[in-house]
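**Q** What follows is model39.txt; its format and atoms are compact mmCIF, C-alpha atoms and all ligand atoms.
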```txt
# COMPACT_ATOMS: atom_id res chain seq x y z
CA MET A 273 343.80 253.21 187.70
CA SER A 274 341.99 253.49 184.38
CA SER A 275 338.22 253.18 184.73
CA THR A 276 338.29 250.41 182.12
CA LEU A 277 340.08 248.23 184.69
CA ILE A 278 337.34 248.59 187.28
CA PRO A 279 335.17 245.46 187.05
CA THR A 280 331.52 246.16 186.35
CA LEU A 281 328.73 244.47 188.28
CA PRO A 282 328.00 242.07 185.38
CA ASP A 283 331.72 241.16 185.28
CA GLN A 284 331.68 240.47 189.00
CA PHE A 285 328.52 238.37 188.74
CA GLU A 286 330.12 236.42 185.91
CA GLU A 287 333.27 235.85 187.93
CA PHE A 288 331.27 234.28 190.75
CA ALA A 289 329.16 232.26 188.30
CA GLU A 290 332.38 230.79 186.89
CA ALA A 291 334.06 230.33 190.27
CA ARG A 292 333.27 226.63 190.56
CA ARG A 293 334.82 225.90 187.17
CA ASN A 294 337.84 228.14 187.74
CA GLY A 295 338.43 227.10 191.35
CA PHE A 296 339.97 223.82 190.18
CA LEU A 297 343.17 225.70 189.36
CA SER A 298 343.40 227.11 192.88
CA VAL A 299 342.91 223.65 194.35
CA LYS A 300 345.56 222.20 192.05
CA ALA A 301 347.90 224.98 193.18
CA PHE A 302 347.21 224.02 196.82
CA LYS A 303 348.14 220.45 196.04
CA ASP A 304 351.27 221.49 194.13
CA ARG A 305 352.34 223.39 197.25
CA GLY A 306 351.68 220.35 199.43
CA GLU A 307 348.59 221.85 201.09
CA LYS A 308 345.69 219.67 202.15
CA VAL A 309 342.16 219.59 200.79
CA VAL A 310 339.09 218.18 202.55
CA GLY A 311 335.95 217.41 200.58
CA THR A 312 332.60 218.16 202.18
CA PHE A 313 328.99 217.49 201.21
CA CYS A 314 326.82 219.20 203.72
CA THR A 315 326.14 222.38 205.67
CA PHE A 316 326.58 220.40 208.90
CA THR A 317 330.32 220.03 208.24
CA PRO A 318 332.17 222.25 210.75
CA LYS A 319 334.54 223.88 208.29
CA GLU A 320 336.23 225.81 211.12
CA LEU A 321 337.87 222.54 212.22
CA ILE A 322 339.20 221.98 208.71
CA TYR A 323 340.65 225.50 208.51
CA ALA A 324 342.13 225.08 211.99
CA ALA A 325 343.93 221.97 210.70
CA GLY A 326 345.53 224.16 208.02
CA ALA A 327 343.50 222.46 205.26
CA HIS A 328 341.08 223.83 202.66
CA PRO A 329 337.44 222.70 202.74
CA VAL A 330 335.85 222.25 199.33
CA SER A 331 332.24 221.44 198.60
CA LEU A 332 331.78 218.27 196.57
CA CYS A 333 327.99 218.51 196.35
CA SER A 334 327.34 217.68 192.75
CA VAL A 335 325.35 219.99 190.53
CA SER A 336 325.52 217.87 187.39
CA GLU A 337 323.61 214.74 186.49
CA GLU A 338 326.41 213.54 184.20
CA THR A 339 327.51 210.66 186.42
CA ILE A 340 324.11 209.50 187.66
CA PRO A 341 324.02 206.51 185.24
CA ASP A 342 327.38 205.32 186.61
CA ALA A 343 326.19 205.79 190.19
CA GLU A 344 323.07 203.74 189.44
CA LYS A 345 325.28 200.70 188.84
CA HIS A 346 325.74 200.65 192.63
CA LEU A 347 322.90 202.75 194.01
CA PRO A 348 319.14 202.43 193.58
CA ARG A 349 317.67 204.49 190.76
CA ASN A 350 314.95 205.94 192.98
CA LEU A 351 317.46 207.72 195.22
CA CYS A 352 317.98 211.46 195.61
CA PRO A 353 319.80 212.72 192.49
CA LEU A 354 322.16 214.78 194.61
CA ILE A 355 323.44 211.66 196.35
CA LYS A 356 323.72 209.70 193.11
CA ALA A 357 325.50 212.51 191.27
CA SER A 358 327.96 213.06 194.13
CA TYR A 359 328.77 209.35 194.41
CA GLY A 360 328.99 209.07 190.62
CA PHE A 361 331.72 211.70 190.50
CA ALA A 362 333.75 209.78 193.09
CA LEU A 363 333.25 206.54 191.20
CA THR A 364 334.28 207.92 187.83
CA ASP A 365 336.99 210.29 189.07
CA LYS A 366 335.49 212.99 186.87
CA CYS A 367 335.40 215.77 189.49
CA PRO A 368 338.80 217.41 190.02
CA TYR A 369 337.72 218.58 193.50
CA MET A 370 336.95 214.99 194.47
CA TYR A 371 340.21 213.87 192.84
CA PHE A 372 342.29 216.41 194.78
CA ALA A 373 340.58 215.81 198.14
CA ASP A 374 342.88 214.12 200.64
CA MET A 375 339.87 213.00 202.63
CA ILE A 376 336.13 213.53 202.82
CA VAL A 377 333.98 214.50 205.79
CA GLY A 378 330.35 213.37 205.77
CA GLU A 379 327.59 213.28 208.37
CA THR A 380 324.77 210.88 209.14
CA THR A 381 322.08 213.19 207.80
CA CYS A 382 319.46 211.49 205.62
CA ASP A 383 319.39 207.71 205.13
CA GLY A 384 320.51 207.89 201.52
CA LYS A 385 323.55 210.00 202.27
CA LYS A 386 324.75 208.03 205.25
CA LYS A 387 324.49 204.71 203.42
CA MET A 388 326.19 206.21 200.35
CA TYR A 389 329.11 207.23 202.56
CA GLU A 390 329.69 203.55 203.36
CA LEU A 391 330.31 202.92 199.65
CA LEU A 392 332.22 206.17 199.23
CA GLY A 393 334.53 205.04 202.04
CA GLU A 394 335.66 202.19 199.81
CA ILE A 395 336.86 204.73 197.22
CA LYS A 396 338.15 207.65 199.32
CA ASP A 397 339.19 208.16 202.93
CA THR A 398 335.80 209.18 204.35
CA HIS A 399 335.24 210.29 207.93
CA VAL A 400 331.58 210.15 208.91
CA MET A 401 330.36 212.27 211.83
CA GLN A 402 327.42 210.82 213.74
CA LEU A 403 324.91 213.66 213.62
CA PRO A 404 322.21 213.66 216.33
CA GLN A 405 318.72 213.69 214.85
CA THR A 406 317.32 216.25 217.26
CA GLN A 407 318.34 219.71 218.42
CA GLU A 408 316.21 219.81 221.52
CA LYS A 409 318.05 217.66 224.00
CA GLU A 410 321.28 218.41 225.86
CA HIS A 411 322.49 214.85 225.13
CA ALA A 412 322.42 215.81 221.45
CA VAL A 413 324.92 218.56 222.26
CA THR A 414 327.07 216.06 224.15
CA LEU A 415 327.07 213.57 221.27
CA TRP A 416 327.76 216.25 218.64
CA GLN A 417 330.56 217.71 220.75
CA ASP A 418 332.12 214.23 221.02
CA GLU A 419 331.94 214.07 217.23
CA MET A 420 333.79 217.40 217.01
CA HIS A 421 336.58 215.89 219.10
CA ARG A 422 336.58 212.76 216.94
CA LEU A 423 336.95 214.86 213.78
CA ILE A 424 339.72 216.91 215.39
CA GLY A 425 341.53 213.65 216.18
CA LYS A 426 341.09 212.43 212.61
CA LEU A 427 342.37 215.69 211.08
CA GLU A 428 345.33 215.83 213.45
CA ASP A 429 346.34 212.24 212.64
CA LYS A 430 345.76 212.56 208.92
CA PHE A 431 347.63 215.83 208.44
CA GLU A 432 350.07 215.49 211.36
CA VAL A 433 349.06 218.82 212.87
CA THR A 434 347.81 220.04 216.22
CA ILE A 435 344.52 221.90 216.30
CA THR A 436 344.96 224.46 219.03
CA ARG A 437 342.36 226.64 220.70
CA GLU A 438 344.04 229.65 219.10
CA LYS A 439 343.70 228.18 215.60
CA LEU A 440 340.07 227.36 216.28
CA ASN A 441 339.36 230.90 217.45
CA GLN A 442 341.04 232.31 214.33
CA ALA A 443 339.01 230.01 212.08
CA ILE A 444 335.77 230.97 213.87
CA LYS A 445 336.49 234.67 213.43
CA SER A 446 337.40 234.26 209.77
CA CYS A 447 334.33 232.13 208.92
CA ASN A 448 332.07 234.54 210.83
CA LYS A 449 333.51 237.39 208.79
CA ASP A 450 332.55 235.55 205.61
CA ARG A 451 329.10 234.76 207.01
CA ARG A 452 328.40 238.37 207.97
CA LEU A 453 329.38 239.61 204.53
CA LEU A 454 327.45 236.99 202.58
CA LYS A 455 324.47 237.47 204.87
CA ALA A 456 324.58 241.20 204.12
CA PHE A 457 324.74 240.34 200.43
CA HIS A 458 321.71 238.05 200.73
CA GLN A 459 319.88 240.75 202.65
CA LEU A 460 319.99 242.98 199.58
CA GLY A 461 316.96 240.88 198.68
CA LYS A 462 315.00 242.85 201.27
CA LEU A 463 315.15 245.95 199.09
CA LYS A 464 311.98 246.77 197.18
CA PRO A 465 312.10 247.11 194.24
CA SER A 466 314.69 244.37 194.02
CA VAL A 467 318.20 245.30 192.94
CA ILE A 468 319.50 241.87 191.99
CA SER A 469 318.14 238.87 190.13
CA GLY A 470 317.76 235.58 191.98
CA MET A 471 320.21 233.98 189.58
CA ASP A 472 322.93 236.49 190.40
CA LEU A 473 322.13 236.14 194.09
CA PHE A 474 322.54 232.36 193.85
CA ASN A 475 325.70 232.56 191.73
CA VAL A 476 327.44 234.89 194.15
CA LEU A 477 326.55 232.84 197.24
CA ASN A 478 327.50 229.59 195.55
CA GLY A 479 330.60 231.03 193.85
CA ALA A 480 331.89 232.41 197.16
CA ASP A 481 332.43 228.81 198.28
CA TYR A 482 334.75 228.21 195.34
CA THR A 483 336.67 231.48 195.63
CA PHE A 484 339.64 230.23 197.59
CA ASP A 485 341.31 233.62 197.93
CA ARG A 486 339.08 234.64 200.83
CA GLU A 487 340.31 238.23 200.98
CA ALA A 488 339.58 238.74 197.27
CA MET A 489 336.16 237.17 197.76
CA ARG A 490 335.38 239.54 200.63
CA GLN A 491 336.52 242.58 198.69
CA ASN A 492 334.44 241.62 195.66
CA VAL A 493 331.33 240.94 197.70
CA GLN A 494 331.70 244.21 199.60
CA ASP A 495 332.13 246.09 196.29
CA MET A 496 328.97 244.49 194.94
CA ILE A 497 327.03 245.38 198.09
CA ASP A 498 328.18 248.99 197.75
CA SER A 499 327.35 249.18 194.02
CA LEU A 500 323.93 247.59 194.40
CA THR A 501 323.04 249.79 197.38
CA ALA A 502 324.08 252.89 195.41
CA LYS A 503 321.98 251.70 192.47
CA TYR A 504 318.97 251.31 194.75
CA GLN A 505 319.47 254.71 196.32
CA ALA A 506 319.74 256.31 192.88
CA GLY A 507 316.50 254.58 191.82
CA GLU A 508 318.35 252.80 189.00
CA THR A 509 317.16 249.25 189.55
CA GLU A 510 315.80 247.44 186.50
CA PHE A 511 313.25 245.45 188.52
CA SER A 512 309.68 246.60 188.92
CA ALA A 513 308.34 247.23 192.40
CA ASN A 514 305.30 245.23 191.28
CA ALA A 515 307.25 242.07 190.39
CA PRO A 516 306.07 239.21 192.63
CA ARG A 517 308.75 238.46 195.21
CA ILE A 518 309.63 234.78 195.59
CA LEU A 519 311.43 232.88 198.35
CA ILE A 520 312.90 229.45 197.54
CA THR A 521 313.16 226.83 200.28
CA GLY A 522 313.61 223.06 200.53
CA CYS A 523 316.37 220.79 199.20
CA PRO A 524 319.73 222.17 198.07
CA ILE A 525 319.16 223.70 194.63
CA GLY A 526 322.64 223.62 193.11
CA GLY A 527 321.63 221.11 190.43
CA VAL A 528 318.37 222.81 189.50
CA ALA A 529 319.06 226.45 190.36
CA SER A 530 319.48 227.72 186.87
CA LYS A 531 316.30 226.11 185.54
CA VAL A 532 314.14 226.86 188.57
CA ILE A 533 315.23 230.46 189.02
CA HIS A 534 315.10 231.23 185.31
CA ALA A 535 311.60 229.74 185.08
CA ILE A 536 310.44 231.93 187.95
CA GLU A 537 312.11 235.08 186.67
CA ASP A 538 311.12 234.50 183.03
CA ALA A 539 307.54 234.45 184.30
CA GLY A 540 307.99 238.02 185.59
CA ALA A 541 308.68 237.34 189.27
CA VAL A 542 311.94 237.92 191.09
CA VAL A 543 313.64 235.56 193.54
CA VAL A 544 314.52 237.69 196.57
CA ALA A 545 315.52 235.03 199.10
CA LEU A 546 317.08 231.56 199.13
CA GLU A 547 316.48 229.73 202.38
CA ASN A 548 318.15 226.53 201.10
CA CYS A 549 321.60 225.25 201.92
CA GLN A 550 323.41 227.31 199.29
CA GLY A 551 321.61 230.34 200.73
CA TYR A 552 320.55 231.69 204.09
CA LYS A 553 320.28 228.43 206.06
CA GLU A 554 323.96 228.44 206.96
CA LEU A 555 324.48 232.18 207.03
CA HIS A 556 321.86 233.38 209.43
CA GLN A 557 323.61 232.19 212.57
CA GLU A 558 327.24 232.82 213.50
CA VAL A 559 329.52 230.76 215.73
CA GLN A 560 329.67 232.41 219.16
CA GLU A 561 333.07 234.01 219.73
CA ASP A 562 332.89 234.44 223.50
CA ILE A 563 332.58 230.83 224.70
CA ASP A 564 334.71 227.69 224.40
CA PRO A 565 335.40 227.30 220.65
CA ILE A 566 334.48 223.63 220.42
CA GLU A 567 331.24 224.17 222.30
CA ALA A 568 330.48 227.19 220.10
CA ILE A 569 331.08 225.22 216.90
CA THR A 570 329.02 222.32 218.26
CA ARG A 571 326.03 224.53 219.04
CA LYS A 572 326.14 226.43 215.75
CA TYR A 573 326.24 223.28 213.62
CA LEU A 574 323.62 221.45 215.67
CA ASP A 575 321.21 224.31 215.05
CA ILE A 576 321.18 224.11 211.23
CA PRO A 577 317.44 224.09 210.40
CA CYS A 578 317.58 221.04 208.10
CA SER A 579 314.74 218.56 207.62
CA VAL A 580 316.88 215.66 208.85
CA MET A 581 316.27 217.04 212.36
CA THR A 582 313.15 216.07 214.23
CA PRO A 583 311.43 218.26 215.02
CA ASN A 584 312.77 221.03 212.79
CA LYS A 585 311.03 224.05 214.21
CA GLY A 586 313.98 226.28 213.33
CA ARG A 587 313.11 226.10 209.62
CA GLU A 588 309.50 227.08 210.26
CA GLN A 589 310.58 230.01 212.39
CA LEU A 590 313.27 231.13 209.94
CA LEU A 591 310.85 230.95 207.03
CA GLN A 592 308.25 233.00 208.84
CA GLU A 593 310.81 235.66 209.66
CA MET A 594 312.11 235.72 206.09
CA VAL A 595 308.63 235.97 204.59
CA GLU A 596 308.07 239.12 206.64
CA GLU A 597 311.48 240.69 206.22
CA TYR A 598 311.80 240.08 202.47
CA GLN A 599 308.16 241.07 201.80
CA VAL A 600 307.66 237.73 200.08
CA ASP A 601 304.63 237.17 197.84
CA GLY A 602 305.19 233.47 197.11
CA VAL A 603 307.24 230.52 198.40
CA ILE A 604 308.57 227.68 196.26
CA ASP A 605 309.50 224.53 198.16
CA ILE A 606 311.98 222.37 196.25
CA VAL A 607 311.74 218.63 196.86
CA LEU A 608 314.21 216.41 195.04
CA GLN A 609 313.21 212.85 194.21
CA ALA A 610 313.22 210.54 197.24
CA CYS A 611 314.00 213.29 199.72
CA HIS A 612 311.54 212.04 202.29
CA THR A 613 312.44 214.50 205.01
CA TYR A 614 311.87 217.65 202.97
CA ASN A 615 308.92 216.01 201.25
CA ILE A 616 307.15 215.34 204.54
CA GLU A 617 308.03 218.75 205.96
CA SER A 618 306.30 220.33 202.97
CA TYR A 619 302.95 219.62 204.59
CA ASN A 620 303.63 221.82 207.60
CA ILE A 621 305.57 224.40 205.62
CA ARG A 622 302.62 224.76 203.27
CA LYS A 623 300.24 225.09 206.24
CA ILE A 624 302.37 227.75 207.87
CA ILE A 625 302.98 229.70 204.70
CA THR A 626 299.54 229.48 203.16
CA GLY A 627 297.63 229.43 206.42
CA GLU A 628 299.21 231.89 208.74
CA LYS A 629 300.85 233.97 206.06
CA SER A 630 298.18 233.61 203.36
CA ILE A 631 300.60 233.60 200.45
CA PRO A 632 300.91 231.02 197.65
CA CYS A 633 303.19 228.02 198.20
CA THR A 634 304.14 225.63 195.42
CA GLU A 635 306.01 222.34 195.68
CA PRO A 636 307.80 221.43 192.46
CA ARG A 637 309.30 217.95 192.61
CA TYR A 638 312.38 217.07 190.57
CA ASN A 639 312.90 213.51 189.48
CA SER A 640 316.48 214.15 188.50
CA LEU A 641 318.76 217.09 188.28
CA THR A 642 316.96 217.83 185.03
CA PHE A 643 314.24 220.33 185.73
CA THR A 644 310.71 218.97 185.47
CA ILE A 645 307.81 220.67 187.23
CA LYS A 646 304.80 218.43 187.62
CA ALA A 647 301.64 219.91 186.28
CA GLY A 648 299.74 221.69 188.98
CA TYR A 649 302.86 222.75 190.80
CA THR A 650 303.57 225.72 188.61
CA ARG A 651 301.21 228.22 190.12
CA LEU A 652 303.63 231.07 190.00
CA PRO A 653 301.88 234.19 191.15
S1 LIG B 701 319.68 219.99 203.23
FE1 LIG B 701 320.41 219.17 205.19
S2 LIG B 701 321.45 217.24 204.64
FE2 LIG B 701 321.21 218.45 202.73
S3 LIG B 701 323.13 219.65 202.55
FE3 LIG B 701 321.67 220.92 203.66
S4 LIG B 701 322.08 220.53 205.84
FE4 LIG B 701 323.01 218.86 204.66
S1 LIG B 702 318.20 216.54 199.26
FE1 LIG B 702 317.25 215.25 200.83
S2 LIG B 702 317.64 213.12 200.17
FE2 LIG B 702 319.02 214.48 199.01
S3 LIG B 702 320.91 214.49 200.21
FE3 LIG B 702 319.72 216.27 200.90
S4 LIG B 702 318.50 215.53 202.67
FE4 LIG B 702 319.29 213.73 201.55
```
Just give me the structure as C-alpha cells.
**A**
Amino acid sequence: MSSTLIPTLPDQFEEFAEARRNGFLSVKAFKDRGEKVVGTFCTFTPKELIYAAGAHPVSLCSVSEETIPDAEKHLPRNLCPLIKASYGFALTDKCPYMYFADMIVGETTCDGKKKMYELLGEIKDTHVMQLPQTQEKEHAVTLWQDEMHRLIGKLEDKFEVTITREKLNQAIKSCNKDRRLLKAFHQLGKLKPSVISGMDLFNVLNGADYTFDREAMRQNVQDMIDSLTAKYQAGETEFSANAPRILITGCPIGGVASKVIHAIEDAGAVVVALENCQGYKELHQEVQEDIDPIEAITRKYLDIPCSVMTPNKGREQLLQEMVEEYQVDGVIDIVLQACHTYNIESYNIRKIITGEKSIPCTEPRYNSLTFTIKAGYTRLP
C-alpha cells in the first residue's frame, strides 16, 4: 500500500470528530436494510440488551442548543439545557438519529429527565426504566434486575426476537472489548508530557459512539494508541511537561466540550482526563463475564458513579484515583443550569479535591449550551 493511503493521526482525529455527522448515513443504511435502531440518552442504558436484540443503540443526547426555543414551548426555561435540547430535537424532528429510532430507552435519573420522558412518550415509543436511586442496598439490585427483564420483554415484543443467554454473553464480550480499548485510549492521558490534546481525546471517545462499524472503530483506535505511544517513546510530543494537567468532571460535556476544552487549552493547560459521561465514567468498569449475564449487566449499570445516586461515593473514589494516576494539577467541575444533583455534589467534590488533594478546583456553570463562565470561576492554574 502506498504510504499516502495510510491515514495520519490528524486524519484519524478528524474522522472521529466528524463521526456524529457522518454516522447518519450508517443509520439510514441500517433502516434501508430493515434493521432496528434504539435511541438512548444516558450511560445507565444497558446497551448490551439492545445489541442482544439485534438492534443498534444510538445516543440521542443533544449537543446543540438549536432546538431549545422550541422545547421551551413545552418545558420550563430554567431546565437543564441538555434535557431541553434533546426534547427539542424530538419535537421538531430535526435530528436524523431521533427520526430513525424505532424506540427510545430512558431511565428515571434526574427529575427533569424523567418528567421530560413523559412528554417524549407522546411523540416516540419511549420505554422508561425505573432506576433505583441508591447503589448500596441489595433491594436496589433486585429492582434494577427486574427492570432489565422488563426491557428485555419490551425489546422482544417490539422487534419480535428472542434475547437468549448466548446473545447476551456475545453482547457483553463485544461491549467489554470496546470498553477496554477506549479505556486504554483514555489512559494515554496518564503520560507526562501529554501526547494528545483534550479536544482530540474527547472527539475520539465521543466519535466512537457514532462509528457503527465496530471493527473499523477498534482498528482505528488501536492504531492511534500505537502511534501516540510511539510518539511518546520517541520524545516527539508537542506538549510541554510543565503544562498544567486538567481533569474535567461533572455533567455530560457534549454541548460545551469544544468551548470548555479550548478555553482550558488556549490558556496553556492540557486536559488529560474526562471523568464525565462521554469519558471515563462508563469505561472504567466492565460487565463481569463469569456470572449470570443479566445479573452482571444489572450490577455494572447500577454502579455508574452518577450524581443521581445517593450517596454517590463511587464518583469521589474514582476522582481521587484519577487525580493520582493522571498526575492532575487542577479539576474543573462542569455544572449545567438546573442540574441540582451535580451542583450539590460540587460541595463535597471541592472539599475532597482541594482539601485532601490540595489542588485547585473550579466550578464553571453553564446557563445554556452556549459557553459562559461566571466571573470568579475561571481560576485556571
Ligand atoms: S450524568 Fe448521570 S443522568 Fe446524565 S447521562 Fe450521565 S449517567 Fe445519565
Ligand atoms: S446534566 Fe444533570 S439535570 Fe441535565 S440531564 Fe444530566 S443529571 Fe439531569
**Q** Would you please work out which residue, of A:Gln284, A:Ser466, A:Ser579, A:Thr364, is nearest to A:Val543 when using only C-alpha atoms?
**A**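 With only C-alpha atoms as the atom set, the closest residue is A:Ser466.
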**Q** Looking at only C-alpha atoms and all ligand atoms, which of A:Cys382, A:Ile621, A:Ile533, A:Ile518 is the one that sits closest to ligand LIG 701 (chain B)?
**A** A:Cys382
**Q** Find, counting all atoms listed in the file, the residue in A:Cys314, A:Leu473, A:Leu590, A:Val600 that gets nearest to ligand LIG 702 (chain B).
**A** A:Cys314
**Q** Would you compute the distance between atom CA of A:Thr501 and atom CA of A:Ala513? Give it in Å to one decimal.
**A**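 Value for the atom CA of A:Thr501-atom CA of A:Ala513 distance: 15.7 Å.
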**Q** Do you know which residues are within 10 Å of ligand LIG 702 (chain B) using only C-alpha atoms and all ligand atoms? Can you write them as a ChimeraX atom specification?
**A** /A:313-314,333,351-356,358,380-386,388,522-525,549,578-580,606-615
**Q** Selection from above, C-alpha atoms, as a PDB file, keeping the file's coordinate frame, can you write it?
**A**
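Here's the written file part.pdb:
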```
ATOM      1  CA  PHE A 313     328.990 217.490 201.210  1.00  0.00           C
ATOM      2  CA  CYS A 314     326.820 219.200 203.720  1.00  0.00           C
ATOM      3  CA  CYS A 333     327.990 218.510 196.350  1.00  0.00           C
ATOM      4  CA  LEU A 351     317.460 207.720 195.220  1.00  0.00           C
ATOM      5  CA  CYS A 352     317.980 211.460 195.610  1.00  0.00           C
ATOM      6  CA  PRO A 353     319.800 212.720 192.490  1.00  0.00           C
ATOM      7  CA  LEU A 354     322.160 214.780 194.610  1.00  0.00           C
ATOM      8  CA  ILE A 355     323.440 211.660 196.350  1.00  0.00           C
ATOM      9  CA  LYS A 356     323.720 209.700 193.110  1.00  0.00           C
ATOM     10  CA  SER A 358     327.960 213.060 194.130  1.00  0.00           C
ATOM     11  CA  THR A 380     324.770 210.880 209.140  1.00  0.00           C
ATOM     12  CA  THR A 381     322.080 213.190 207.800  1.00  0.00           C
ATOM     13  CA  CYS A 382     319.460 211.490 205.620  1.00  0.00           C
ATOM     14  CA  ASP A 383     319.390 207.710 205.130  1.00  0.00           C
ATOM     15  CA  GLY A 384     320.510 207.890 201.520  1.00  0.00           C
ATOM     16  CA  LYS A 385     323.550 210.000 202.270  1.00  0.00           C
ATOM     17  CA  LYS A 386     324.750 208.030 205.250  1.00  0.00           C
ATOM     18  CA  MET A 388     326.190 206.210 200.350  1.00  0.00           C
ATOM     19  CA  GLY A 522     313.610 223.060 200.530  1.00  0.00           C
ATOM     20  CA  CYS A 523     316.370 220.790 199.200  1.00  0.00           C
ATOM     21  CA  PRO A 524     319.730 222.170 198.070  1.00  0.00           C
ATOM     22  CA  ILE A 525     319.160 223.700 194.630  1.00  0.00           C
ATOM     23  CA  CYS A 549     321.600 225.250 201.920  1.00  0.00           C
ATOM     24  CA  CYS A 578     317.580 221.040 208.100  1.00  0.00           C
ATOM     25  CA  SER A 579     314.740 218.560 207.620  1.00  0.00           C
ATOM     26  CA  VAL A 580     316.880 215.660 208.850  1.00  0.00           C
ATOM     27  CA  ILE A 606     311.980 222.370 196.250  1.00  0.00           C
ATOM     28  CA  VAL A 607     311.740 218.630 196.860  1.00  0.00           C
ATOM     29  CA  LEU A 608     314.210 216.410 195.040  1.00  0.00           C
ATOM     30  CA  GLN A 609     313.210 212.850 194.210  1.00  0.00           C
ATOM     31  CA  ALA A 610     313.220 210.540 197.240  1.00  0.00           C
ATOM     32  CA  CYS A 611     314.000 213.290 199.720  1.00  0.00           C
ATOM     33  CA  HIS A 612     311.540 212.040 202.290  1.00  0.00           C
ATOM     34  CA  THR A 613     312.440 214.500 205.010  1.00  0.00           C
ATOM     35  CA  TYR A 614     311.870 217.650 202.970  1.00  0.00           C
ATOM     36  CA  ASN A 615     308.920 216.010 201.250  1.00  0.00           C
TER      37      ASN A 615
END
```
**Q** Nearest residue to A:Leu460 out of A:Arg571, A:Lys503, A:Lys366, A:Arg349, using all atoms listed in the file?
**A**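 Of the candidates, the smallest distance to A:Leu460 is held by A:Lys503.
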**Q** Set the distance at 7 Å and use only C-alpha atoms: which residues neighbour stretch 469-472 of chain A once local chain neighbours fewer than 4 positions away are removed? I'd like the list as a PyMOL selection string.
**A** chain A and resi 285+476+530+533+542-544
**Q** Between A:Thr280, A:Ser446, A:Thr434, A:Gln550, which is the closest to ligand LIG 701 (chain B) once you count only C-alpha atoms and all ligand atoms?
**A**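 The answer is A:Gln550, which sits nearest to ligand LIG 701 (chain B).
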**Q** What does the structure give for the distance between atom CA of A:His534 and atom CA of A:Glu337, in Å to one decimal?
**A**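 Distance reported for this atom pair: 18.6 Å.
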**Q** Given all atoms listed in the file as the basis, pick out the residue of A:Leu403, A:Leu347, A:Arg490, A:Leu423 nearest to A:Lys387.
**A** A:Leu347
**Q** Rounded to one decimal in Å, what is the spacing between atom CA of A:Lys531 and atom CA of A:Glu508?
**A**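 Between atom CA of A:Lys531 and atom CA of A:Glu508 the gap works out to 27.0 Å.
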**Q** Find the residues around A:Gly326 up to 12 Å (only C-alpha atoms counted), leave out those fewer than 6 positions away in its own chain, and share them as a PyMOL selection string.
**A** chain A and resi 302+306-310+319-320+424+427-428+430-436+439-440+442-443
**Q** Quick one: residues within 7 Å of A:Ala343, only C-alpha atoms counted, chain neighbours fewer than 2 positions away excluded, as a compact mmCIF listing (two decimals) with C-alpha atoms, in the coordinates of the input?
**A**
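Everything below was put into part02.txt:
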```txt
# COMPACT_ATOMS: atom_id res chain seq x y z
CA THR A 339 327.51 210.66 186.42
CA ILE A 340 324.11 209.50 187.66
CA PRO A 341 324.02 206.51 185.24
CA LYS A 345 325.28 200.70 188.84
CA HIS A 346 325.74 200.65 192.63
CA LEU A 347 322.90 202.75 194.01
CA LYS A 356 323.72 209.70 193.11
CA ALA A 357 325.50 212.51 191.27
CA TYR A 359 328.77 209.35 194.41
CA GLY A 360 328.99 209.07 190.62
```
**Q** List as an mmCIF file with C-alpha atoms, in the frame of the given file the protein and nucleic acid residues near A:Arg292, meaning an atom at most 12 Å away when only C-alpha atoms are counted, but skip any in the same chain fewer than 5 places from it.
**A**
```cif
data_model
loop_
_atom_site.group_PDB
_atom_site.id
_atom_site.type_symbol
_atom_site.label_atom_id
_atom_site.label_comp_id
_atom_site.auth_asym_id
_atom_site.auth_seq_id
_atom_site.Cartn_x
_atom_site.Cartn_y
_atom_site.Cartn_z
ATOM 1 C CA GLU A 286 330.120 236.420 185.910
ATOM 2 C CA GLU A 287 333.270 235.850 187.930
ATOM 3 C CA LEU A 297 343.170 225.700 189.360
ATOM 4 C CA SER A 298 343.400 227.110 192.880
ATOM 5 C CA VAL A 299 342.910 223.650 194.350
ATOM 6 C CA VAL A 330 335.850 222.250 199.330
ATOM 7 C CA SER A 331 332.240 221.440 198.600
ATOM 8 C CA LEU A 332 331.780 218.270 196.570
ATOM 9 C CA CYS A 333 327.990 218.510 196.350
ATOM 10 C CA SER A 334 327.340 217.680 192.750
ATOM 11 C CA VAL A 335 325.350 219.990 190.530
ATOM 12 C CA CYS A 367 335.400 215.770 189.490
ATOM 13 C CA PRO A 368 338.800 217.410 190.020
ATOM 14 C CA TYR A 369 337.720 218.580 193.500
ATOM 15 C CA ASN A 475 325.700 232.560 191.730
ATOM 16 C CA VAL A 476 327.440 234.890 194.150
ATOM 17 C CA LEU A 477 326.550 232.840 197.240
ATOM 18 C CA ASN A 478 327.500 229.590 195.550
ATOM 19 C CA GLY A 479 330.600 231.030 193.850
ATOM 20 C CA ALA A 480 331.890 232.410 197.160
ATOM 21 C CA ASP A 481 332.430 228.810 198.280
ATOM 22 C CA TYR A 482 334.750 228.210 195.340
ATOM 23 C CA THR A 483 336.670 231.480 195.630
ATOM 24 C CA PHE A 484 339.640 230.230 197.590
ATOM 25 C CA GLY A 526 322.640 223.620 193.110
#
```
